[in-house]
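Trainee: Got start08.tsv for you, TSV, C-alpha atoms and all ligand atoms:
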```tsv
chain	number	residue	atom	x	y	z
A	76	MET	CA	38.64	-149.48	-109.45
A	77	LYS	CA	36.90	-146.14	-109.89
A	78	TYR	CA	37.77	-144.48	-113.17
A	79	ASN	CA	35.66	-143.61	-116.18
A	80	LYS	CA	36.45	-145.69	-119.18
A	81	LYS	CA	37.32	-142.85	-121.49
A	82	ASN	CA	39.22	-144.80	-124.10
A	83	TYR	CA	42.59	-143.94	-122.71
A	84	ASP	CA	45.56	-144.49	-124.97
A	85	TYR	CA	47.95	-144.86	-122.06
A	86	LEU	CA	47.92	-145.98	-118.48
A	87	ILE	CA	50.89	-144.32	-116.80
A	88	VAL	CA	52.09	-145.74	-113.52
A	89	GLY	CA	53.72	-143.02	-111.41
A	90	ALA	CA	53.37	-139.22	-111.52
A	91	GLY	CA	57.10	-138.51	-111.35
A	92	PRO	CA	59.04	-136.86	-114.16
A	93	PHE	CA	59.08	-139.78	-116.61
A	94	GLY	CA	55.33	-140.38	-116.30
A	95	ALA	CA	54.37	-136.70	-116.32
A	96	ILE	CA	56.45	-135.93	-119.41
A	97	TRP	CA	55.02	-138.94	-121.19
A	98	ALA	CA	51.45	-137.85	-120.39
A	99	ARG	CA	52.07	-134.28	-121.47
A	100	GLU	CA	53.82	-135.20	-124.70
A	101	ALA	CA	51.19	-137.80	-125.57
A	102	ALA	CA	48.49	-135.19	-124.89
A	103	SER	CA	50.15	-132.69	-127.17
A	104	ARG	CA	49.86	-135.37	-129.88
A	105	GLY	CA	46.16	-135.86	-129.15
A	106	LYS	CA	46.52	-138.98	-126.99
A	107	ARG	CA	44.67	-139.49	-123.72
A	108	SER	CA	46.39	-140.77	-120.56
A	109	LEU	CA	45.36	-141.90	-117.12
A	110	ILE	CA	48.11	-141.56	-114.53
A	111	ILE	CA	47.86	-143.65	-111.40
A	112	GLU	CA	50.09	-142.68	-108.51
A	113	LYS	CA	50.42	-144.68	-105.33
A	114	ARG	CA	51.32	-141.65	-103.24
A	115	ALA	CA	48.92	-138.82	-102.39
A	116	THR	CA	51.28	-136.39	-104.12
A	117	ILE	CA	52.58	-135.80	-107.64
A	118	GLY	CA	56.11	-135.11	-108.83
A	119	GLY	CA	57.73	-138.26	-107.43
A	120	ASN	CA	60.78	-137.42	-105.39
A	121	MET	CA	60.86	-133.93	-106.91
A	122	HIS	CA	57.82	-133.01	-104.81
A	123	THR	CA	58.07	-129.78	-102.80
A	124	HIS	CA	55.72	-128.02	-100.41
A	125	LYS	CA	55.57	-124.50	-99.08
A	126	GLU	CA	55.86	-123.80	-95.37
A	127	HIS	CA	56.55	-120.39	-93.72
A	128	GLY	CA	57.00	-119.02	-97.24
A	129	ILE	CA	59.80	-121.53	-97.86
A	130	ASN	CA	59.86	-124.13	-100.65
A	131	VAL	CA	60.83	-127.35	-98.88
A	132	HIS	CA	62.02	-130.28	-101.01
A	133	ASP	CA	60.36	-133.28	-99.41
A	134	TYR	CA	62.73	-135.91	-100.76
A	135	GLY	CA	66.04	-134.10	-100.42
A	136	ALA	CA	67.67	-131.23	-102.27
A	137	HIS	CA	66.82	-131.17	-105.97
A	138	ILE	CA	68.87	-128.72	-107.99
A	139	PHE	CA	68.20	-128.83	-111.68
A	140	HIS	CA	71.40	-128.81	-113.72
A	141	THR	CA	72.04	-129.76	-117.29
A	142	ASP	CA	74.05	-129.10	-120.44
A	143	ASN	CA	71.14	-130.26	-122.54
A	144	LYS	CA	69.46	-127.19	-124.01
A	145	GLU	CA	66.44	-129.14	-125.20
A	146	VAL	CA	65.79	-130.40	-121.66
A	147	TRP	CA	66.40	-126.96	-120.16
A	148	ASP	CA	64.01	-125.28	-122.60
A	149	TYR	CA	61.48	-128.01	-121.97
A	150	ILE	CA	61.33	-127.61	-118.19
A	151	ASN	CA	61.41	-123.81	-118.49
A	152	GLN	CA	58.05	-123.97	-120.30
A	153	PHE	CA	56.50	-124.95	-116.99
A	154	SER	CA	58.33	-122.68	-114.57
A	155	GLU	CA	60.79	-119.88	-114.27
A	156	PHE	CA	64.12	-120.85	-112.67
A	157	ASN	CA	66.10	-118.68	-110.30
A	158	GLY	CA	69.72	-119.26	-111.33
A	159	TYR	CA	70.67	-120.87	-108.01
A	160	ILE	CA	74.22	-122.25	-107.99
A	161	ASN	CA	74.90	-124.98	-105.45
A	162	GLN	CA	78.01	-124.34	-103.33
A	163	VAL	CA	78.34	-126.99	-100.69
A	164	VAL	CA	80.42	-126.66	-97.52
A	165	ALA	CA	81.87	-129.75	-95.82
A	166	ASN	CA	82.27	-129.96	-92.07
A	167	TYR	CA	84.85	-132.54	-91.00
A	168	LYS	CA	85.04	-132.71	-87.21
A	169	GLY	CA	84.53	-128.95	-86.93
A	170	ASP	CA	86.84	-127.89	-89.78
A	171	LEU	CA	85.17	-126.38	-92.82
A	172	TYR	CA	86.11	-127.01	-96.47
A	173	ASN	CA	84.62	-125.94	-99.76
A	174	LEU	CA	83.23	-128.55	-102.11
A	175	PRO	CA	83.45	-129.78	-104.77
A	176	PHE	CA	87.19	-130.42	-104.77
A	177	ASN	CA	88.83	-127.25	-106.01
A	178	MET	CA	91.62	-124.77	-105.23
A	179	ASN	CA	89.73	-123.51	-102.16
A	180	THR	CA	89.63	-127.07	-100.78
A	181	PHE	CA	93.30	-127.66	-101.60
A	182	TYR	CA	94.26	-124.40	-99.91
A	183	GLN	CA	92.19	-125.24	-96.83
A	184	MET	CA	93.63	-128.77	-96.68
A	185	TRP	CA	97.30	-128.08	-97.44
A	186	GLY	CA	97.86	-124.33	-97.70
A	187	VAL	CA	98.83	-124.71	-101.37
A	188	LYS	CA	98.17	-121.59	-103.43
A	189	THR	CA	98.77	-122.50	-107.05
A	190	PRO	CA	97.33	-125.20	-109.31
A	191	GLU	CA	100.84	-126.59	-109.78
A	192	GLU	CA	101.42	-127.00	-106.04
A	193	ALA	CA	98.02	-128.67	-105.68
A	194	ALA	CA	98.69	-131.07	-108.55
A	195	GLU	CA	102.09	-131.98	-107.07
A	196	LYS	CA	100.58	-132.72	-103.67
A	197	ILE	CA	97.90	-134.93	-105.19
A	198	GLU	CA	100.38	-136.79	-107.40
A	199	GLU	CA	102.65	-137.37	-104.37
A	200	GLN	CA	99.77	-138.91	-102.38
A	201	LYS	CA	98.61	-140.99	-105.31
A	202	GLN	CA	102.13	-142.41	-105.76
A	203	ALA	CA	102.49	-143.07	-102.02
A	204	ALA	CA	99.23	-145.06	-102.15
A	205	GLY	CA	100.74	-147.13	-104.98
A	206	LEU	CA	97.91	-146.30	-107.36
A	207	THR	CA	99.15	-146.41	-110.91
A	208	GLY	CA	96.74	-148.72	-112.73
A	209	HIS	CA	93.08	-148.33	-113.61
A	210	PRO	CA	91.03	-147.60	-110.42
A	211	LYS	CA	89.08	-150.69	-109.44
A	212	ASN	CA	86.65	-149.12	-106.97
A	213	LEU	CA	85.50	-145.83	-105.43
A	214	GLU	CA	88.41	-145.63	-102.96
A	215	GLU	CA	91.07	-146.07	-105.66
A	216	GLN	CA	89.27	-143.66	-107.96
A	217	ALA	CA	89.03	-141.00	-105.24
A	218	ILE	CA	92.68	-141.25	-104.18
A	219	SER	CA	93.82	-141.12	-107.82
A	220	LEU	CA	91.80	-137.97	-108.36
A	221	ILE	CA	92.44	-135.97	-105.17
A	222	GLY	CA	94.89	-137.84	-102.94
A	223	THR	CA	94.70	-139.54	-99.57
A	224	ASP	CA	94.08	-136.57	-97.24
A	225	ILE	CA	90.94	-135.40	-98.98
A	226	TYR	CA	89.80	-138.99	-99.41
A	227	GLU	CA	90.19	-139.67	-95.67
A	228	LYS	CA	88.53	-136.44	-94.49
A	229	LEU	CA	85.90	-135.59	-97.07
A	230	ILE	CA	85.01	-138.83	-98.83
A	231	LYS	CA	85.58	-142.05	-96.91
A	232	GLY	CA	83.30	-141.42	-93.93
A	233	TYR	CA	80.56	-139.72	-95.94
A	234	THR	CA	80.56	-142.42	-98.60
A	235	GLU	CA	80.57	-145.33	-96.18
A	236	LYS	CA	77.64	-143.99	-94.17
A	237	GLN	CA	75.78	-142.88	-97.29
A	238	TRP	CA	76.03	-146.31	-98.93
A	239	GLY	CA	76.28	-148.58	-95.88
A	240	ARG	CA	79.26	-150.39	-97.38
A	241	LYS	CA	82.99	-149.97	-97.81
A	242	ALA	CA	84.32	-147.55	-100.40
A	243	THR	CA	86.33	-150.46	-101.80
A	244	GLU	CA	83.05	-152.24	-102.58
A	245	LEU	CA	81.50	-149.35	-104.49
A	246	PRO	CA	81.73	-148.51	-108.19
A	247	SER	CA	84.11	-145.69	-109.08
A	248	PHE	CA	81.55	-143.76	-111.18
A	249	ILE	CA	79.80	-142.56	-108.00
A	250	ILE	CA	82.69	-140.29	-107.02
A	251	ARG	CA	83.13	-139.04	-110.57
A	252	ARG	CA	79.78	-137.26	-110.15
A	253	LEU	CA	81.74	-134.57	-108.28
A	254	PRO	CA	83.97	-132.17	-110.24
A	255	VAL	CA	87.68	-131.84	-109.43
A	256	ARG	CA	88.97	-128.41	-110.47
A	257	TYR	CA	92.23	-126.55	-110.32
A	258	THR	CA	90.44	-123.19	-110.10
A	259	PHE	CA	88.87	-121.33	-107.17
A	260	ASP	CA	85.34	-122.28	-108.20
A	261	ASN	CA	82.84	-123.75	-105.71
A	262	ASN	CA	80.07	-124.54	-108.21
A	263	TYR	CA	79.00	-128.10	-107.33
A	264	PHE	CA	78.11	-128.84	-110.95
A	265	ASN	CA	79.84	-128.25	-114.25
A	266	HIS	CA	76.61	-127.71	-116.14
A	267	ARG	CA	75.76	-124.63	-118.10
A	268	TYR	CA	72.10	-124.39	-117.04
A	269	GLN	CA	71.35	-124.56	-113.32
A	270	GLY	CA	68.67	-123.46	-110.90
A	271	VAL	CA	65.68	-124.16	-108.74
A	272	PRO	CA	62.11	-123.35	-109.88
A	273	VAL	CA	60.82	-120.15	-108.32
A	274	ASP	CA	57.54	-121.70	-107.14
A	275	GLY	CA	58.91	-125.11	-106.22
A	276	TYR	CA	58.80	-128.31	-108.27
A	277	THR	CA	55.22	-129.33	-107.49
A	278	ALA	CA	53.96	-126.35	-109.50
A	279	ILE	CA	55.85	-127.67	-112.53
A	280	PHE	CA	53.98	-130.97	-112.31
A	281	GLU	CA	50.65	-129.22	-111.78
A	282	ASN	CA	51.27	-127.19	-114.93
A	283	MET	CA	52.45	-130.18	-116.89
A	284	LEU	CA	49.48	-132.32	-115.97
A	285	ASN	CA	46.90	-129.57	-116.36
A	286	HIS	CA	45.58	-130.77	-119.73
A	287	GLU	CA	42.18	-132.02	-120.85
A	288	LEU	CA	43.67	-135.26	-122.12
A	289	ILE	CA	45.33	-136.13	-118.80
A	290	ASP	CA	43.64	-137.54	-115.70
A	291	VAL	CA	45.45	-138.30	-112.46
A	292	LEU	CA	44.32	-140.73	-109.76
A	293	ARG	CA	46.28	-140.58	-106.53
A	294	ASN	CA	46.55	-143.28	-103.87
A	295	VAL	CA	46.23	-146.06	-106.44
A	296	ASP	CA	48.81	-148.83	-106.50
A	297	PHE	CA	49.17	-150.48	-109.91
A	298	LEU	CA	50.62	-153.63	-108.38
A	299	ASP	CA	47.42	-154.26	-106.39
A	300	GLU	CA	45.58	-154.94	-109.65
A	301	LYS	CA	48.29	-155.37	-112.20
A	302	GLU	CA	46.58	-158.01	-114.34
A	303	THR	CA	43.32	-156.02	-114.57
A	304	PHE	CA	45.17	-152.85	-115.58
A	305	LEU	CA	47.22	-154.72	-118.16
A	306	ALA	CA	44.07	-156.21	-119.65
A	307	GLU	CA	42.18	-152.91	-119.75
A	308	PHE	CA	44.71	-150.53	-121.27
A	309	PRO	CA	46.27	-150.77	-124.72
A	310	ARG	CA	49.63	-149.46	-123.57
A	311	VAL	CA	51.21	-149.02	-120.15
A	312	VAL	CA	54.11	-146.80	-119.07
A	313	TYR	CA	55.52	-148.20	-115.83
A	314	THR	CA	57.90	-146.09	-113.72
A	315	GLY	CA	57.87	-148.10	-110.51
A	316	MET	CA	60.49	-150.58	-109.35
A	317	ILE	CA	61.22	-153.07	-112.10
A	318	ASP	CA	61.77	-155.99	-109.71
A	319	ALA	CA	58.43	-155.28	-107.99
A	320	TYR	CA	56.66	-155.38	-111.38
A	321	PHE	CA	57.93	-158.93	-111.82
A	322	ASP	CA	57.05	-159.85	-108.25
A	323	TYR	CA	60.75	-160.12	-107.34
A	324	GLN	CA	60.95	-163.39	-109.28
A	325	PHE	CA	64.74	-163.33	-109.56
A	326	GLY	CA	65.26	-161.69	-106.14
A	327	GLU	CA	65.28	-158.14	-104.79
A	328	LEU	CA	67.37	-155.38	-106.32
A	329	GLU	CA	69.10	-153.41	-103.58
A	330	TYR	CA	68.53	-149.73	-102.90
A	331	ARG	CA	69.84	-147.25	-100.41
A	332	SER	CA	67.25	-145.24	-98.56
A	333	VAL	CA	67.37	-141.96	-96.65
A	334	ARG	CA	65.13	-140.34	-94.08
A	335	PHE	CA	64.69	-136.69	-93.24
A	336	GLU	CA	64.23	-134.81	-89.99
A	337	SER	CA	63.05	-131.23	-90.35
A	338	GLN	CA	62.92	-128.45	-87.84
A	339	VAL	CA	61.45	-124.95	-87.97
A	340	ILE	CA	63.76	-122.45	-86.26
A	341	ASP	CA	63.05	-118.83	-85.33
A	342	SER	CA	65.90	-117.32	-87.28
A	343	ASN	CA	66.68	-115.74	-90.63
A	344	ASN	CA	69.82	-117.78	-91.08
A	345	ALA	CA	70.65	-120.87	-89.07
A	346	GLN	CA	73.67	-122.34	-90.84
A	347	GLY	CA	74.70	-119.75	-93.44
A	348	ASN	CA	74.52	-122.08	-96.42
A	349	SER	CA	71.92	-124.15	-98.24
A	350	VAL	CA	73.82	-127.44	-97.82
A	351	ILE	CA	76.46	-128.46	-95.28
A	352	ASN	CA	77.87	-131.99	-95.53
A	353	TYR	CA	79.10	-133.76	-92.40
A	354	THR	CA	81.83	-135.93	-93.78
A	355	ASP	CA	83.01	-137.84	-90.70
A	356	ARG	CA	81.79	-141.39	-90.16
A	357	GLU	CA	80.38	-140.79	-86.64
A	358	THR	CA	77.82	-138.03	-87.28
A	359	PRO	CA	74.75	-140.08	-88.23
A	360	PHE	CA	73.44	-137.70	-90.89
A	361	THR	CA	75.22	-136.91	-94.17
A	362	ARG	CA	74.03	-133.36	-94.77
A	363	VAL	CA	71.87	-130.54	-93.49
A	364	MET	CA	69.80	-128.40	-95.86
A	365	GLU	CA	68.52	-124.94	-95.01
A	366	TRP	CA	65.80	-124.40	-97.59
A	367	ARG	CA	65.41	-120.62	-97.46
A	368	HIS	CA	68.89	-120.26	-99.00
A	369	PHE	CA	67.84	-122.10	-102.17
A	370	ASP	CA	65.66	-119.24	-103.34
A	371	ASN	CA	65.93	-116.50	-100.74
A	372	LYS	CA	62.29	-116.93	-99.91
A	373	ALA	CA	60.96	-117.21	-96.39
A	374	ASP	CA	58.75	-115.51	-93.88
A	375	GLU	CA	60.69	-113.06	-91.75
A	376	GLY	CA	62.28	-114.77	-88.75
A	377	LYS	CA	61.57	-118.35	-89.90
A	378	THR	CA	63.91	-120.93	-91.31
A	379	ILE	CA	63.60	-124.67	-91.90
A	380	VAL	CA	66.52	-127.04	-91.68
A	381	THR	CA	66.43	-130.70	-92.65
A	382	LYS	CA	68.90	-133.37	-91.67
A	383	GLU	CA	69.38	-136.25	-94.11
A	384	TYR	CA	70.08	-139.67	-92.57
A	385	PRO	CA	71.06	-142.58	-94.77
A	386	GLN	CA	69.39	-145.89	-93.95
A	387	ASP	CA	69.10	-149.45	-95.17
A	388	TRP	CA	66.28	-150.05	-97.56
A	389	ASP	CA	63.53	-152.60	-97.17
A	390	ARG	CA	60.12	-152.84	-98.82
A	391	SER	CA	58.53	-150.62	-96.18
A	392	LYS	CA	60.83	-147.69	-97.07
A	393	GLU	CA	61.24	-145.37	-100.05
A	394	ALA	CA	63.81	-146.58	-102.57
A	395	TYR	CA	66.14	-143.67	-103.35
A	396	TYR	CA	69.47	-144.80	-104.73
A	397	PRO	CA	69.96	-147.91	-106.85
A	398	VAL	CA	73.11	-149.77	-105.77
A	399	ASN	CA	74.74	-150.22	-109.15
A	400	ASP	CA	77.38	-152.73	-108.05
A	401	HIS	CA	78.19	-155.83	-110.07
A	402	LYS	CA	75.75	-158.14	-108.32
A	403	ASN	CA	72.78	-155.79	-108.70
A	404	SER	CA	73.68	-154.84	-112.25
A	405	GLU	CA	73.60	-158.53	-113.22
A	406	LEU	CA	70.24	-158.98	-111.51
A	407	PHE	CA	68.88	-155.91	-113.25
A	408	LYS	CA	69.90	-157.41	-116.62
A	409	GLN	CA	67.69	-160.42	-115.90
A	410	TYR	CA	64.72	-158.15	-115.21
A	411	ARG	CA	65.53	-156.01	-118.23
A	412	HIS	CA	65.44	-159.15	-120.36
A	413	GLU	CA	61.94	-159.96	-119.05
A	414	ALA	CA	60.87	-156.35	-119.58
A	415	ASP	CA	61.82	-156.58	-123.24
A	416	LYS	CA	59.23	-159.34	-123.64
A	417	GLN	CA	56.37	-157.18	-122.28
A	418	ASP	CA	55.11	-155.87	-125.58
A	419	LYS	CA	52.64	-153.32	-124.30
A	420	VAL	CA	54.68	-152.00	-121.38
A	421	ILE	CA	57.35	-149.32	-121.46
A	422	PHE	CA	59.66	-149.21	-118.41
A	423	GLY	CA	61.06	-145.79	-117.54
A	424	GLY	CA	62.54	-143.57	-114.86
A	425	ARG	CA	65.03	-144.16	-112.08
A	426	LEU	CA	63.18	-147.14	-110.59
A	427	GLY	CA	62.00	-148.64	-113.88
A	428	ASN	CA	65.55	-148.57	-115.26
A	429	TYR	CA	67.44	-149.01	-111.97
A	430	GLN	CA	69.70	-146.06	-112.79
A	431	TYR	CA	71.28	-143.36	-110.59
A	432	TYR	CA	69.66	-140.71	-112.79
A	433	ASP	CA	69.85	-136.97	-112.24
A	434	MET	CA	66.65	-135.12	-113.05
A	435	ASP	CA	67.85	-133.90	-116.43
A	436	GLN	CA	68.72	-137.46	-117.42
A	437	VAL	CA	65.19	-138.61	-116.63
A	438	PHE	CA	63.81	-135.69	-118.63
A	439	ASN	CA	66.04	-136.55	-121.55
A	440	ALA	CA	65.18	-140.25	-121.38
A	441	ALA	CA	61.44	-139.47	-121.28
A	442	LEU	CA	61.59	-137.07	-124.21
A	443	LYS	CA	63.57	-139.63	-126.23
A	444	ALA	CA	61.19	-142.46	-125.35
A	445	VAL	CA	58.14	-140.44	-126.35
A	446	ALA	CA	59.77	-139.36	-129.59
A	447	LYS	CA	60.44	-143.02	-130.38
A	448	GLU	CA	56.83	-143.94	-129.59
A	449	PHE	CA	55.47	-141.37	-132.02
A	450	LYS	CA	58.05	-141.49	-134.76
B	501	LIG	N1	80.60	-137.63	-101.62
B	501	LIG	C1	81.54	-137.61	-100.63
B	501	LIG	N2	81.62	-136.51	-99.81
B	501	LIG	C2	80.81	-135.45	-99.95
B	501	LIG	C3	79.84	-135.46	-100.98
B	501	LIG	C4	79.76	-136.58	-101.80
B	501	LIG	O1	82.29	-138.56	-100.45
B	501	LIG	O2	80.92	-134.50	-99.17
B	501	LIG	C5	80.53	-138.85	-102.48
B	501	LIG	C6	79.55	-139.87	-101.90
B	501	LIG	O3	80.02	-141.16	-102.21
B	501	LIG	C7	78.29	-139.58	-102.70
B	501	LIG	C8	78.87	-139.25	-104.07
B	501	LIG	O4	80.06	-138.53	-103.77
B	501	LIG	O5	77.42	-140.69	-102.73
B	501	LIG	C9	77.98	-138.44	-104.96
B	501	LIG	O6	77.63	-137.24	-104.31
B	501	LIG	P1	76.39	-136.36	-104.76
B	501	LIG	O7	76.41	-135.11	-103.98
B	501	LIG	O8	76.39	-136.27	-106.25
B	501	LIG	O9	75.20	-137.30	-104.27
B	501	LIG	P2	73.60	-137.09	-104.29
B	501	LIG	O10	73.35	-135.62	-104.15
B	501	LIG	O11	73.12	-137.70	-105.58
B	501	LIG	O12	73.20	-137.86	-103.09
```
Could you render the structure as structure tokens?

Mentor:
Amino acid sequence: MKYNKKNYDYLIVGAGPFGAIWAREAASRGKRSLIIEKRATIGGNMHTHKEHGINVHDYGAHIFHTDNKEVWDYINQFSEFNGYINQVVANYKGDLYNLPFNMNTFYQMWGVKTPEEAAEKIEEQKQAAGLTGHPKNLEEQAISLIGTDIYEKLIKGYTEKQWGRKATELPSFIIRRLPVRYTFDNNYFNHRYQGVPVDGYTAIFENMLNHELIDVLRNVDFLDEKETFLAEFPRVVYTGMIDAYFDYQFGELEYRSVRFESQVIDSNNAQGNSVINYTDRETPFTRVMEWRHFDNKADEGKTIVTKEYPQDWDRSKEAYYPVNDHKNSELFKQYRHEADKQDKVIFGGRLGNYQYYDMDQVFNAALKAVAKEFK
């Protein structure tokens, strides 16, 4: 292993948000960190690159949204944000609907024009489905919230291809990520602070890690020499997959993966929106992003569109979404129990905690963890 022994205080495994925030916050308290990153890039799945003047998000659309002012102020130290508001359009077999579920969607689906009419329609469908008790799974939760028609056209197919399993086998919290509103408001998120960084996310990580007390080594896999690293560093922050850290001793946690297909098109506007979801079961991709619409930046006459295809995960693929069903949650608890016994190691981030985290939640978790470390 080629690194200078500079009396590092921390070895940080992974240059994604949890690791980068830890390094930066430790540095601001006079502590020195070495970050090792198995990829050639920094920023984890927030990584972006610029092509034809367009900021392309390499691991799918990342829109920063939060109600947490501390987190918002924190990330704004490293970049200006552009105030982008995500307004997704759904295409179901050629018919277009606004998302998230709101008065525009209800009008498009049923022709209803008032909140009262919409609520009546939804209640009628919920009753007809016999759903009165506490929703036991994603399907029941969705129908209770927005009725059978919207469930069948905008949720069932998308969800089942996205997750590779039936909506009746998925936890209900997944669908509660999406707002349901009785107003004509297409904002995909309810949060007060929203946007995309004007120079892409990679620049944020470059700024964050540009500090004399932080060194970054790319293309280094902690798990190749775990015991050596653990022996050499006084404290380790690990943001990789928790089951991989423990050599899968209790079995593999399941993830859902996605793959992307991008295309450069000679056009100033290929699809007219930054994200279009294809909500039928047959179309193999879930959504299509057109990156120039995220920040109105692009070379004249060029646009880049990316199709997102869900796929099964195995160890050769990137782990994107933890599958937080009962079985995997129980398995995670076993790993968490082992993790608690690792005195010098802190487990963090989406993979280290096996959580379906949004970016702001990772930021918040990292800031809290660092504060605890230095209290
Ligand atoms: N979803 C859906 N239809 C849509 C968009 C989302 O059924 O058009 C469901 C689907 O189960 C998805 C979940 O809502 O996994 C959460 O969607 P979100 O857009 O928050 O997912 P992410 O952007 O994190 O992939």

Trainee: Considering only C-alpha atoms, state which residue in the set A:Asn212, A:Ser349, A:Ser391, A:Asn261 is at the smallest distance from Val131 (chain A).

Mentor: A:Ser349

Trainee: Using all atoms listed in the file, I'd like a table of the residues in chain A that come within 8 Å of ligand LIG 501 (chain B); for each, show the closest atom pair and its distance in Å rounded to one decimal, ordered by chain and ascending number, as JSON lines.

Mentor:
```
{"residue": "A:Ala136", "atom": "CA", "partner": "B:LIG501", "partner_atom": "O10", "distance": 7.4}
{"residue": "A:Ala165", "atom": "CA", "partner": "B:LIG501", "partner_atom": "O2", "distance": 5.9}
{"residue": "A:Leu174", "atom": "CA", "partner": "B:LIG501", "partner_atom": "O2", "distance": 7.0}
{"residue": "A:Pro175", "atom": "CA", "partner": "B:LIG501", "partner_atom": "C3", "distance": 7.7}
{"residue": "A:Leu213", "atom": "CA", "partner": "B:LIG501", "partner_atom": "O3", "distance": 7.9}
{"residue": "A:Tyr226", "atom": "CA", "partner": "B:LIG501", "partner_atom": "O1", "distance": 7.6}
{"residue": "A:Leu229", "atom": "CA", "partner": "B:LIG501", "partner_atom": "N2", "distance": 5.2}
{"residue": "A:Ile230", "atom": "CA", "partner": "B:LIG501", "partner_atom": "O1", "distance": 3.2}
{"residue": "A:Lys231", "atom": "CA", "partner": "B:LIG501", "partner_atom": "O1", "distance": 6.0}
{"residue": "A:Gly232", "atom": "CA", "partner": "B:LIG501", "partner_atom": "O1", "distance": 7.2}
{"residue": "A:Tyr233", "atom": "CA", "partner": "B:LIG501", "partner_atom": "O1", "distance": 5.0}
{"residue": "A:Thr234", "atom": "CA", "partner": "B:LIG501", "partner_atom": "O3", "distance": 3.9}
{"residue": "A:Glu235", "atom": "CA", "partner": "B:LIG501", "partner_atom": "O3", "distance": 7.4}
{"residue": "A:Gln237", "atom": "CA", "partner": "B:LIG501", "partner_atom": "O5", "distance": 6.1}
{"residue": "A:Trp238", "atom": "CA", "partner": "B:LIG501", "partner_atom": "O5", "distance": 6.9}
{"residue": "A:Ala242", "atom": "CA", "partner": "B:LIG501", "partner_atom": "O3", "distance": 7.9}
{"residue": "A:Ile249", "atom": "CA", "partner": "B:LIG501", "partner_atom": "C8", "distance": 5.2}
{"residue": "A:Ile250", "atom": "CA", "partner": "B:LIG501", "partner_atom": "O4", "distance": 4.5}
{"residue": "A:Arg251", "atom": "CA", "partner": "B:LIG501", "partner_atom": "O4", "distance": 7.5}
{"residue": "A:Arg252", "atom": "CA", "partner": "B:LIG501", "partner_atom": "O8", "distance": 5.3}
{"residue": "A:Leu253", "atom": "CA", "partner": "B:LIG501", "partner_atom": "O8", "distance": 6.0}
{"residue": "A:Asn352", "atom": "CA", "partner": "B:LIG501", "partner_atom": "O2", "distance": 5.4}
{"residue": "A:Tyr353", "atom": "CA", "partner": "B:LIG501", "partner_atom": "O2", "distance": 7.0}
{"residue": "A:Thr354", "atom": "CA", "partner": "B:LIG501", "partner_atom": "O2", "distance": 5.7}
{"residue": "A:Thr361", "atom": "CA", "partner": "B:LIG501", "partner_atom": "O2", "distance": 8.0}
{"residue": "A:Tyr431", "atom": "CA", "partner": "B:LIG501", "partner_atom": "O11", "distance": 7.8}
{"residue": "A:Asp433", "atom": "CA", "partner": "B:LIG501", "partner_atom": "O11", "distance": 7.5}
```

Trainee: Using all atoms listed in the file, which residues sit within 12 Å of Leu328 (chain A) once same-chain residues fewer than 5 positions away are excluded, as a PyMOL selection string?

Mentor: chain A and resi 316-323+388-390+394+396-410+426-430

Trainee: Those selected residues, please, written with C-alpha atoms and delivered as a short mmCIF file (atom, residue, chain, number, x, y, z; two decimals), keeping the file's coordinate frame.

Mentor:
```cif
data_model
loop_
_atom_site.label_atom_id
_atom_site.label_comp_id
_atom_site.auth_asym_id
_atom_site.auth_seq_id
_atom_site.Cartn_x
_atom_site.Cartn_y
_atom_site.Cartn_z
CA MET A 316 60.49 -150.58 -109.35
CA ILE A 317 61.22 -153.07 -112.10
CA ASP A 318 61.77 -155.99 -109.71
CA ALA A 319 58.43 -155.28 -107.99
CA TYR A 320 56.66 -155.38 -111.38
CA PHE A 321 57.93 -158.93 -111.82
CA ASP A 322 57.05 -159.85 -108.25
CA TYR A 323 60.75 -160.12 -107.34
CA TRP A 388 66.28 -150.05 -97.56
CA ASP A 389 63.53 -152.60 -97.17
CA ARG A 390 60.12 -152.84 -98.82
CA ALA A 394 63.81 -146.58 -102.57
CA TYR A 396 69.47 -144.80 -104.73
CA PRO A 397 69.96 -147.91 -106.85
CA VAL A 398 73.11 -149.77 -105.77
CA ASN A 399 74.74 -150.22 -109.15
CA ASP A 400 77.38 -152.73 -108.05
CA HIS A 401 78.19 -155.83 -110.07
CA LYS A 402 75.75 -158.14 -108.32
CA ASN A 403 72.78 -155.79 -108.70
CA SER A 404 73.68 -154.84 -112.25
CA GLU A 405 73.60 -158.53 -113.22
CA LEU A 406 70.24 -158.98 -111.51
CA PHE A 407 68.88 -155.91 -113.25
CA LYS A 408 69.90 -157.41 -116.62
CA GLN A 409 67.69 -160.42 -115.90
CA TYR A 410 64.72 -158.15 -115.21
CA LEU A 426 63.18 -147.14 -110.59
CA GLY A 427 62.00 -148.64 -113.88
CA ASN A 428 65.55 -148.57 -115.26
CA TYR A 429 67.44 -149.01 -111.97
CA GLN A 430 69.70 -146.06 -112.79
#
```

Trainee: Write out as a list in words which residues come within 12 Å of Lys301 (chain A) when counting all atoms listed in the file, dropping same-chain ones fewer than 5 positions away.

Mentor: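 Answer for this query is Met76, Leu86, Val88, Ile111, Val295, Asp296, Ala306, Glu307, Phe308, Val311, Tyr313, Ala319, Tyr320, Phe321, Asp322 and Val420 of chain A.
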
Trainee: So the first atom is CA of His368 (chain A) and the second is CA of Asn348 (chain A); what is the distance between them in Å, to one decimal place?

Mentor: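 CA of Asn348 (chain A) lies at a distance of 6.5 Å from CA of His368 (chain A).
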
Trainee: My list of candidates is A:Gly239, A:Gly169, A:Gly158, A:Gly89. Which is closest to Asp387 (chain A) when distances are computed with all atoms listed in the file?

Mentor: A:Gly239
